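Just protein-v3.tsv here, TSV, C-alpha atoms:
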chain	number	residue	atom	x	y	z
A	1	MET	CA	15.32	-10.55	-12.21
A	2	ASP	CA	13.15	-7.60	-13.19
A	3	THR	CA	15.08	-4.40	-13.82
A	4	LEU	CA	12.76	-2.15	-11.79
A	5	PHE	CA	11.52	-4.40	-8.99
A	6	ASN	CA	14.79	-5.87	-7.73
A	7	ALA	CA	15.09	-4.66	-4.13
A	8	PRO	CA	18.27	-6.13	-2.58
A	9	ASP	CA	16.57	-6.36	0.82
A	10	ALA	CA	13.29	-7.75	-0.52
A	11	ASP	CA	11.32	-10.02	1.77
A	12	LEU	CA	9.20	-11.55	-0.98
A	13	TYR	CA	9.68	-12.66	-4.57
A	14	LEU	CA	7.06	-12.96	-7.27
A	15	ARG	CA	7.84	-15.31	-10.14
A	16	SER	CA	5.96	-14.60	-13.36
A	17	SER	CA	4.66	-17.30	-15.68
A	18	ASP	CA	7.54	-16.47	-18.03
A	19	ASN	CA	10.04	-16.95	-15.18
A	20	VAL	CA	10.93	-13.33	-14.39
A	21	HIS	CA	11.50	-12.66	-10.68
A	22	PHE	CA	10.31	-9.53	-8.89
A	23	ALA	CA	12.01	-8.74	-5.58
A	24	ILE	CA	9.45	-6.77	-3.58
A	25	TYR	CA	8.31	-5.86	-0.07
A	26	ARG	CA	5.45	-7.73	1.59
A	27	ALA	CA	4.13	-4.58	3.24
A	28	ILE	CA	3.57	-2.87	-0.10
A	29	PHE	CA	2.25	-6.02	-1.79
A	30	ARG	CA	-0.34	-6.43	0.97
A	31	LEU	CA	-1.61	-2.90	0.44
A	32	ILE	CA	-2.34	-3.45	-3.26
A	33	SER	CA	-5.19	-5.89	-2.65
A	34	THR	CA	-6.98	-7.60	0.21
A	35	VAL	CA	-6.53	-10.82	-1.78
A	36	PHE	CA	-2.76	-10.47	-1.39
A	37	GLU	CA	-3.14	-9.45	2.25
A	38	ASP	CA	-5.22	-12.55	2.98
A	39	MET	CA	-2.90	-14.80	0.99
A	40	LEU	CA	0.16	-13.65	2.93
A	41	ALA	CA	-1.66	-13.98	6.26
A	42	LEU	CA	-2.43	-17.67	5.72
A	43	PRO	CA	0.10	-20.27	6.81
A	44	GLN	CA	1.75	-21.74	3.73
A	45	ALA	CA	3.08	-25.22	3.20
A	46	LEU	CA	6.43	-24.94	1.49
A	47	ASP	CA	7.05	-27.33	-1.39
A	48	ALA	CA	3.31	-27.52	-1.93
A	49	GLY	CA	3.86	-28.54	-5.54
A	50	PRO	CA	2.57	-26.85	-8.65
A	51	PRO	CA	-0.68	-24.92	-8.31
A	52	SER	CA	-3.73	-26.42	-9.94
A	53	ASP	CA	-6.40	-23.87	-9.11
A	54	GLY	CA	-5.15	-20.83	-11.04
A	55	LEU	CA	-4.24	-18.95	-7.87
A	56	PRO	CA	-0.75	-17.92	-6.76
A	57	HIS	CA	1.09	-20.18	-4.37
A	58	ILE	CA	4.20	-19.85	-2.25
A	59	ASP	CA	7.17	-21.93	-3.34
A	60	SER	CA	10.28	-22.76	-1.33
A	61	ILE	CA	12.70	-22.50	-4.27
A	62	ASN	CA	15.03	-19.53	-3.82
A	63	VAL	CA	16.07	-17.20	-6.60
A	64	ASP	CA	19.66	-16.82	-5.49
A	65	PRO	CA	21.68	-18.11	-2.55
A	66	THR	CA	21.99	-14.68	-0.92
A	67	HIS	CA	18.24	-14.64	-0.27
A	68	VAL	CA	17.77	-18.02	1.37
A	69	GLY	CA	14.48	-18.20	3.20
A	70	VAL	CA	12.75	-15.48	1.18
A	71	PRO	CA	9.47	-16.95	-0.05
A	72	ILE	CA	8.61	-16.98	-3.73
A	73	ILE	CA	5.05	-16.67	-4.96
A	74	GLN	CA	4.50	-18.37	-8.29
A	75	MET	CA	2.09	-16.16	-10.23
A	76	PHE	CA	0.08	-17.08	-13.31
A	77	GLU	CA	0.55	-13.63	-14.86
A	78	ASP	CA	3.38	-12.83	-17.25
A	79	ALA	CA	6.12	-10.33	-16.42
A	80	ASP	CA	4.46	-7.44	-18.27
A	81	SER	CA	1.26	-7.91	-16.27
A	82	LEU	CA	3.07	-8.13	-12.92
A	83	ARG	CA	5.20	-5.10	-13.74
A	84	LEU	CA	2.03	-3.14	-14.55
A	85	LEU	CA	0.42	-4.28	-11.29
A	86	LEU	CA	3.45	-3.30	-9.21
A	87	GLN	CA	3.91	0.03	-10.99
A	88	PHE	CA	0.36	0.97	-10.05
A	89	GLY	CA	0.73	-0.32	-6.49
A	90	TYR	CA	4.17	1.00	-5.55
A	91	PRO	CA	4.79	4.57	-4.28
A	92	ARG	CA	5.55	7.21	-6.92
A	93	SER	CA	9.00	7.69	-5.36
A	94	VAL	CA	9.89	4.22	-6.69
A	95	CYS	CA	8.27	4.37	-10.13
A	96	ASP	CA	5.99	6.51	-12.24
A	97	GLU	CA	2.38	5.50	-12.65
A	98	PRO	CA	2.02	3.74	-15.99
A	99	LYS	CA	-0.21	5.17	-18.68
A	100	LEU	CA	-2.87	2.85	-20.02
A	101	LEU	CA	-2.77	3.84	-23.69
A	102	ALA	CA	-2.61	0.50	-25.51
A	103	ILE	CA	-5.65	-1.75	-25.45
A	104	LEU	CA	-3.47	-4.68	-24.35
A	105	ASP	CA	-2.39	-2.77	-21.23
A	106	ILE	CA	-5.97	-1.73	-20.52
A	107	LYS	CA	-7.07	-5.37	-20.76
A	108	ARG	CA	-4.18	-6.42	-18.52
A	109	ALA	CA	-5.17	-3.86	-15.90
A	110	ALA	CA	-8.84	-4.84	-16.08
A	111	THR	CA	-7.98	-8.54	-15.77
A	112	LEU	CA	-5.75	-7.92	-12.74
A	113	ALA	CA	-8.35	-5.67	-11.14
A	114	LYS	CA	-11.03	-8.32	-11.51
A	115	LYS	CA	-8.92	-11.31	-10.46
A	116	TYR	CA	-7.42	-9.66	-7.38
A	117	ASP	CA	-10.32	-7.31	-6.50
A	118	ILE	CA	-8.30	-4.10	-6.92
A	119	GLY	CA	-10.76	-1.21	-6.99
A	120	PHE	CA	-8.32	1.56	-7.87
A	121	LEU	CA	-7.00	-0.46	-10.83
A	122	ARG	CA	-10.53	-1.13	-12.06
A	123	GLU	CA	-11.16	2.61	-12.02
A	124	LYS	CA	-7.94	3.28	-13.96
A	125	ALA	CA	-8.87	0.67	-16.57
A	126	GLU	CA	-12.38	2.05	-17.03
A	127	ASN	CA	-11.09	5.63	-17.32
A	128	ALA	CA	-8.61	4.46	-19.95
A	129	LEU	CA	-11.47	2.81	-21.86
A	130	LEU	CA	-13.45	6.05	-21.69
A	131	HIS	CA	-10.54	7.78	-23.37
A	132	TYR	CA	-9.98	4.91	-25.81
A	133	SER	CA	-13.61	4.99	-26.93
A	134	GLY	CA	-12.88	8.29	-28.67
A	135	THR	CA	-10.52	6.63	-31.15
A	136	SER	CA	-11.80	3.05	-31.28
A	137	PRO	CA	-15.34	2.86	-29.94
A	138	ALA	CA	-16.03	-0.70	-31.13
A	139	LEU	CA	-12.97	-2.09	-29.37
A	140	ALA	CA	-13.65	-0.01	-26.25
A	141	PHE	CA	-17.23	-1.30	-26.29
A	142	ALA	CA	-16.10	-4.94	-26.50
A	143	VAL	CA	-13.61	-4.62	-23.64
A	144	SER	CA	-16.08	-2.63	-21.53
A	145	TRP	CA	-18.69	-5.34	-22.11
A	146	ARG	CA	-16.22	-8.08	-21.18
A	147	PHE	CA	-15.41	-6.45	-17.83
A	148	CYS	CA	-18.90	-5.02	-17.10
A	149	TYR	CA	-17.70	-1.40	-17.12
A	150	ASN	CA	-21.02	0.36	-17.57
A	151	GLU	CA	-19.80	3.95	-17.88
A	152	SER	CA	-17.25	3.23	-20.59
A	153	LEU	CA	-19.72	0.85	-22.27
A	154	ARG	CA	-22.28	3.66	-22.63
A	155	ALA	CA	-19.62	6.12	-23.79
A	156	ALA	CA	-18.33	3.70	-26.43
A	157	ALA	CA	-21.87	3.00	-27.64
A	158	ARG	CA	-22.58	6.75	-27.96
A	159	ARG	CA	-19.32	7.38	-29.78
A	160	SER	CA	-19.90	4.51	-32.20
A	161	ILE	CA	-23.18	6.13	-33.24
A	162	ASP	CA	-21.43	9.49	-33.79
A	163	ILE	CA	-19.02	7.99	-36.33
Kindly return the structure encoded in the file as C-alpha coordinates.
Amino acid sequence: MDTLFNAPDADLYLRSSDNVHFAIYRAIFRLISTVFEDMLALPQALDAGPPSDGLPHIDSINVDPTHVGVPIIQMFEDADSLRLLLQFGYPRSVCDEPKLLAILDIKRAATLAKKYDIGFLREKAENALLHYSGTSPALAFAVSWRFCYNESLRAAARRSIDI
(Lines of atoms letter the chains of each structure in order from A and count residues from 1; the text may use other names and numbers.)
(Lines give C-alpha, C1' and ligand atoms only; values in the text may rest on other atoms or scores of the structure.)
Protein backbone atom coordinates (compact mmCIF):
# COMPACT_ATOMS: atom_id res chain seq x y z
CA MET A 1 0.00 0.00 0.00
CA ASP A 2 1.29 3.46 -0.86
CA THR A 3 2.28 5.54 2.16
CA LEU A 4 0.49 8.72 1.02
CA PHE A 5 -2.54 7.45 -0.89
CA ASN A 6 -3.95 4.92 1.58
CA ALA A 7 -7.39 6.26 2.51
CA PRO A 8 -9.09 3.81 4.90
CA ASP A 9 -12.50 4.61 3.40
CA ALA A 10 -11.32 4.52 -0.22
CA ASP A 11 -13.85 3.48 -2.82
CA LEU A 12 -11.28 2.66 -5.50
CA TYR A 13 -7.83 1.10 -5.67
CA LEU A 14 -5.19 1.61 -8.30
CA ARG A 15 -2.59 -1.13 -8.66
CA SER A 16 0.68 -0.05 -10.25
CA SER A 17 2.69 -2.22 -12.62
CA ASP A 18 5.13 -2.86 -9.75
CA ASN A 19 2.24 -4.01 -7.52
CA VAL A 20 1.85 -0.99 -5.23
CA HIS A 21 -1.76 -0.24 -4.27
CA PHE A 22 -3.19 3.27 -4.03
CA ALA A 23 -6.40 3.63 -2.02
CA ILE A 24 -8.17 6.66 -3.48
CA TYR A 25 -11.56 8.29 -4.00
CA ARG A 26 -13.43 7.90 -7.29
CA ALA A 27 -14.72 11.46 -7.18
CA ILE A 28 -11.21 12.91 -7.16
CA PHE A 29 -9.88 10.41 -9.70
CA ARG A 30 -12.68 11.34 -12.11
CA LEU A 31 -11.77 15.02 -11.89
CA ILE A 32 -8.15 14.44 -12.95
CA SER A 33 -9.03 13.42 -16.50
CA THR A 34 -12.05 12.87 -18.70
CA VAL A 35 -10.43 9.55 -19.66
CA PHE A 36 -10.77 8.40 -16.05
CA GLU A 37 -14.28 9.84 -15.83
CA ASP A 38 -15.35 7.92 -18.93
CA MET A 39 -13.61 4.74 -17.79
CA LEU A 40 -15.41 4.76 -14.44
CA ALA A 41 -18.76 5.52 -16.09
CA LEU A 42 -18.63 2.42 -18.28
CA PRO A 43 -19.99 -0.85 -16.96
CA GLN A 44 -17.10 -3.17 -16.17
CA ALA A 45 -16.95 -6.92 -16.36
CA LEU A 46 -15.21 -8.18 -13.26
CA ASP A 47 -12.61 -10.89 -13.77
CA ALA A 48 -12.09 -9.62 -17.30
CA GLY A 49 -8.62 -11.12 -17.36
CA PRO A 50 -5.35 -9.38 -18.02
CA PRO A 51 -5.47 -6.29 -20.20
CA SER A 52 -4.02 -6.59 -23.67
CA ASP A 53 -4.58 -3.12 -25.07
CA GLY A 54 -2.32 -1.04 -22.80
CA LEU A 55 -5.26 0.63 -21.07
CA PRO A 56 -6.24 0.27 -17.41
CA HIS A 57 -8.87 -2.28 -16.52
CA ILE A 58 -10.93 -3.02 -13.44
CA ASP A 59 -10.08 -6.21 -11.60
CA SER A 60 -12.16 -8.01 -8.99
CA ILE A 61 -9.21 -9.04 -6.80
CA ASN A 62 -9.33 -7.23 -3.47
CA VAL A 63 -6.31 -5.79 -1.71
CA ASP A 64 -7.36 -6.78 1.78
CA PRO A 65 -10.42 -8.48 3.25
CA THR A 66 -11.67 -5.31 4.98
CA HIS A 67 -12.31 -3.71 1.58
CA VAL A 68 -14.32 -6.43 -0.12
CA GLY A 69 -16.16 -5.10 -3.12
CA VAL A 70 -13.85 -2.13 -3.71
CA PRO A 71 -12.80 -2.28 -7.36
CA ILE A 72 -9.14 -2.32 -8.32
CA ILE A 73 -7.89 -0.73 -11.51
CA GLN A 74 -4.77 -2.39 -12.85
CA MET A 75 -2.60 0.39 -14.26
CA PHE A 76 0.35 0.06 -16.61
CA GLU A 77 2.27 2.86 -14.88
CA ASP A 78 4.74 2.21 -12.08
CA ALA A 79 4.19 3.47 -8.53
CA ASP A 80 6.35 6.58 -8.99
CA SER A 81 4.30 7.64 -12.01
CA LEU A 82 0.95 7.04 -10.29
CA ARG A 83 2.10 8.87 -7.17
CA LEU A 84 3.11 11.84 -9.33
CA LEU A 85 -0.25 11.77 -11.11
CA LEU A 86 -2.21 11.66 -7.86
CA GLN A 87 -0.07 14.33 -6.18
CA PHE A 88 -0.91 16.70 -9.03
CA GLY A 89 -4.59 15.74 -9.03
CA TYR A 90 -5.38 15.66 -5.31
CA PRO A 91 -6.25 18.78 -3.27
CA ARG A 92 -3.33 20.61 -1.64
CA SER A 93 -4.82 19.83 1.79
CA VAL A 94 -3.88 16.18 1.16
CA CYS A 95 -0.45 16.62 -0.42
CA ASP A 96 1.88 19.27 -1.75
CA GLU A 97 2.17 19.75 -5.48
CA PRO A 98 5.30 17.97 -6.66
CA LYS A 99 8.12 19.90 -8.26
CA LEU A 100 9.20 18.71 -11.68
CA LEU A 101 12.95 19.21 -11.36
CA ALA A 102 14.41 15.93 -12.62
CA ILE A 103 14.09 15.10 -16.30
CA LEU A 104 12.68 11.67 -15.43
CA ASP A 105 9.78 13.28 -13.53
CA ILE A 106 9.19 15.74 -16.37
CA LYS A 107 9.03 12.84 -18.84
CA ARG A 108 6.69 10.95 -16.50
CA ALA A 109 4.37 13.94 -16.27
CA ALA A 110 4.44 14.50 -20.04
CA THR A 111 3.72 10.82 -20.70
CA LEU A 112 0.78 10.78 -18.28
CA ALA A 113 -0.57 14.04 -19.69
CA LYS A 114 -0.49 12.67 -23.22
CA LYS A 115 -1.86 9.20 -22.43
CA TYR A 116 -4.74 10.40 -20.26
CA ASP A 117 -5.36 13.79 -21.94
CA ILE A 118 -4.59 15.87 -18.84
CA GLY A 119 -4.21 19.48 -19.94
CA PHE A 120 -3.03 20.94 -16.64
CA LEU A 121 -0.30 18.28 -16.37
CA ARG A 122 0.84 18.95 -19.92
CA GLU A 123 1.21 22.62 -19.01
CA LYS A 124 3.22 21.74 -15.88
CA ALA A 125 5.53 19.48 -17.89
CA GLU A 126 6.13 22.10 -20.57
CA ASN A 127 6.80 24.81 -17.98
CA ALA A 128 9.30 22.49 -16.30
CA LEU A 129 11.01 21.94 -19.66
CA LEU A 130 11.20 25.70 -20.17
CA HIS A 131 13.06 25.95 -16.89
CA TYR A 132 15.18 22.87 -17.63
CA SER A 133 16.29 24.28 -20.98
CA GLY A 134 18.38 26.82 -19.07
CA THR A 135 20.66 24.11 -17.69
CA SER A 136 20.40 21.36 -20.28
CA PRO A 137 19.04 22.73 -23.55
CA ALA A 138 19.84 19.65 -25.65
CA LEU A 139 17.94 17.33 -23.32
CA ALA A 140 15.06 19.81 -22.98
CA PHE A 141 14.96 20.07 -26.77
CA ALA A 142 14.77 16.28 -27.19
CA VAL A 143 11.97 15.86 -24.66
CA SER A 144 10.08 18.87 -26.03
CA TRP A 145 10.36 17.40 -29.53
CA ARG A 146 9.14 14.00 -28.32
CA PHE A 147 5.99 15.49 -26.77
CA CYS A 148 5.42 18.27 -29.37
CA TYR A 149 5.83 21.08 -26.83
CA ASN A 150 6.47 23.97 -29.19
CA GLU A 151 7.17 26.72 -26.66
CA SER A 152 9.79 24.77 -24.73
CA LEU A 153 11.19 23.43 -28.02
CA ARG A 154 11.85 26.97 -29.26
CA ALA A 155 13.28 28.03 -25.89
CA ALA A 156 15.65 25.05 -25.79
CA ALA A 157 16.77 25.72 -29.37
CA ARG A 158 17.49 29.38 -28.55
CA ARG A 159 19.37 28.46 -25.39
CA SER A 160 21.47 25.84 -27.16
CA ILE A 161 22.68 28.53 -29.57
CA ASP A 162 23.59 30.83 -26.66
CA ILE A 163 25.95 28.25 -25.17
List as JSON, numbers by chain the protein and nucleic acid residues near Ile28 of chain A, meaning an atom at most 10 Å away when only C-alpha atoms are counted, but skip any in the same chain fewer than 3 places from it. {"A": [24, 25, 31, 32, 33, 36, 37, 86, 89, 90, 91]}
Go through A:Ile161, A:Ala138, A:Ala128, A:Ala156 and flag the residue nearest Ile106 of chain A, using all atoms listed in the file for the distances. A:Ala128
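Counting all atoms listed in the file and comparing A:Pro8, A:Leu104, A:Pro137, A:Arg146, the residue that lies closest to Arg158 of chain A is A:Pro137.
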At what distance in Å, to one decimal, does atom CA of Phe141 of chain A lie from atom CA of Met75 of chain A? 29.2 Å
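Closest approach to Asn6 of chain A among A:Ile73, A:Ile118, A:Val94, A:Leu42 is made by A:Val94 (distances from only C-alpha atoms).
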Please report the interatomic distance between atom CA of Leu85 of chain A and atom CA of Leu112 of chain A in Å with one decimal.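 Distance between the two atoms: 7.3 Å.
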Report, in Å with one decimal, the straight-line distance from atom CA of Val143 of chain A to atom CA of Arg92 of chain A.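 Separation of atom CA of Val143 of chain A and atom CA of Arg92 of chain A: 28.0 Å.
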Tell me which of A:Val20, A:Ala7, A:Leu82, A:Leu129 sits closest to Ile103 of chain A, counting all atoms listed in the file. A:Leu129
Hey, which of A:Ile72, A:Leu101, A:Asp80, A:Gln87 ends up closest to Thr135 of chain A? Count all atoms listed in the file. A:Leu101
Could you list, as a PyMOL selection string, every residue within 8 Å of Leu121 of chain A, counting all atoms listed in the file and ignoring same-chain residues fewer than 6 positions away? chain A and resi 88+109-110+112-113
Excluding Arg26 of chain A and any residue of its chain fewer than 6 positions from it, enumerate the residues within 10 Å of it, using all atoms listed in the file, and give them as an NGL selection string. :A and (10-13 or 36-37 or 40)
Please tell me which residues are no farther than 7 Å from (15.3, -11.8, -12.7) in the file, counting all atoms listed in the file, and write them as JSON, numbers by chain. {"A": [1, 2, 20, 21, 22]}
Nearest to Ala102 of chain A among A:Ser160, A:Leu153, A:Phe147, A:Leu139, with distances taken over all atoms listed in the file: which residue is it? A:Leu139
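Using all atoms listed in the file, the protein and nucleic acid residues lying no more than 10 Å from Ala155 of chain A, apart from those fewer than 6 places from it along its own chain, are Leu129, Leu130, His131, Tyr132, Ser133, Gly134, Pro137, Ala140, Phe141 and Ser144 of chain A.
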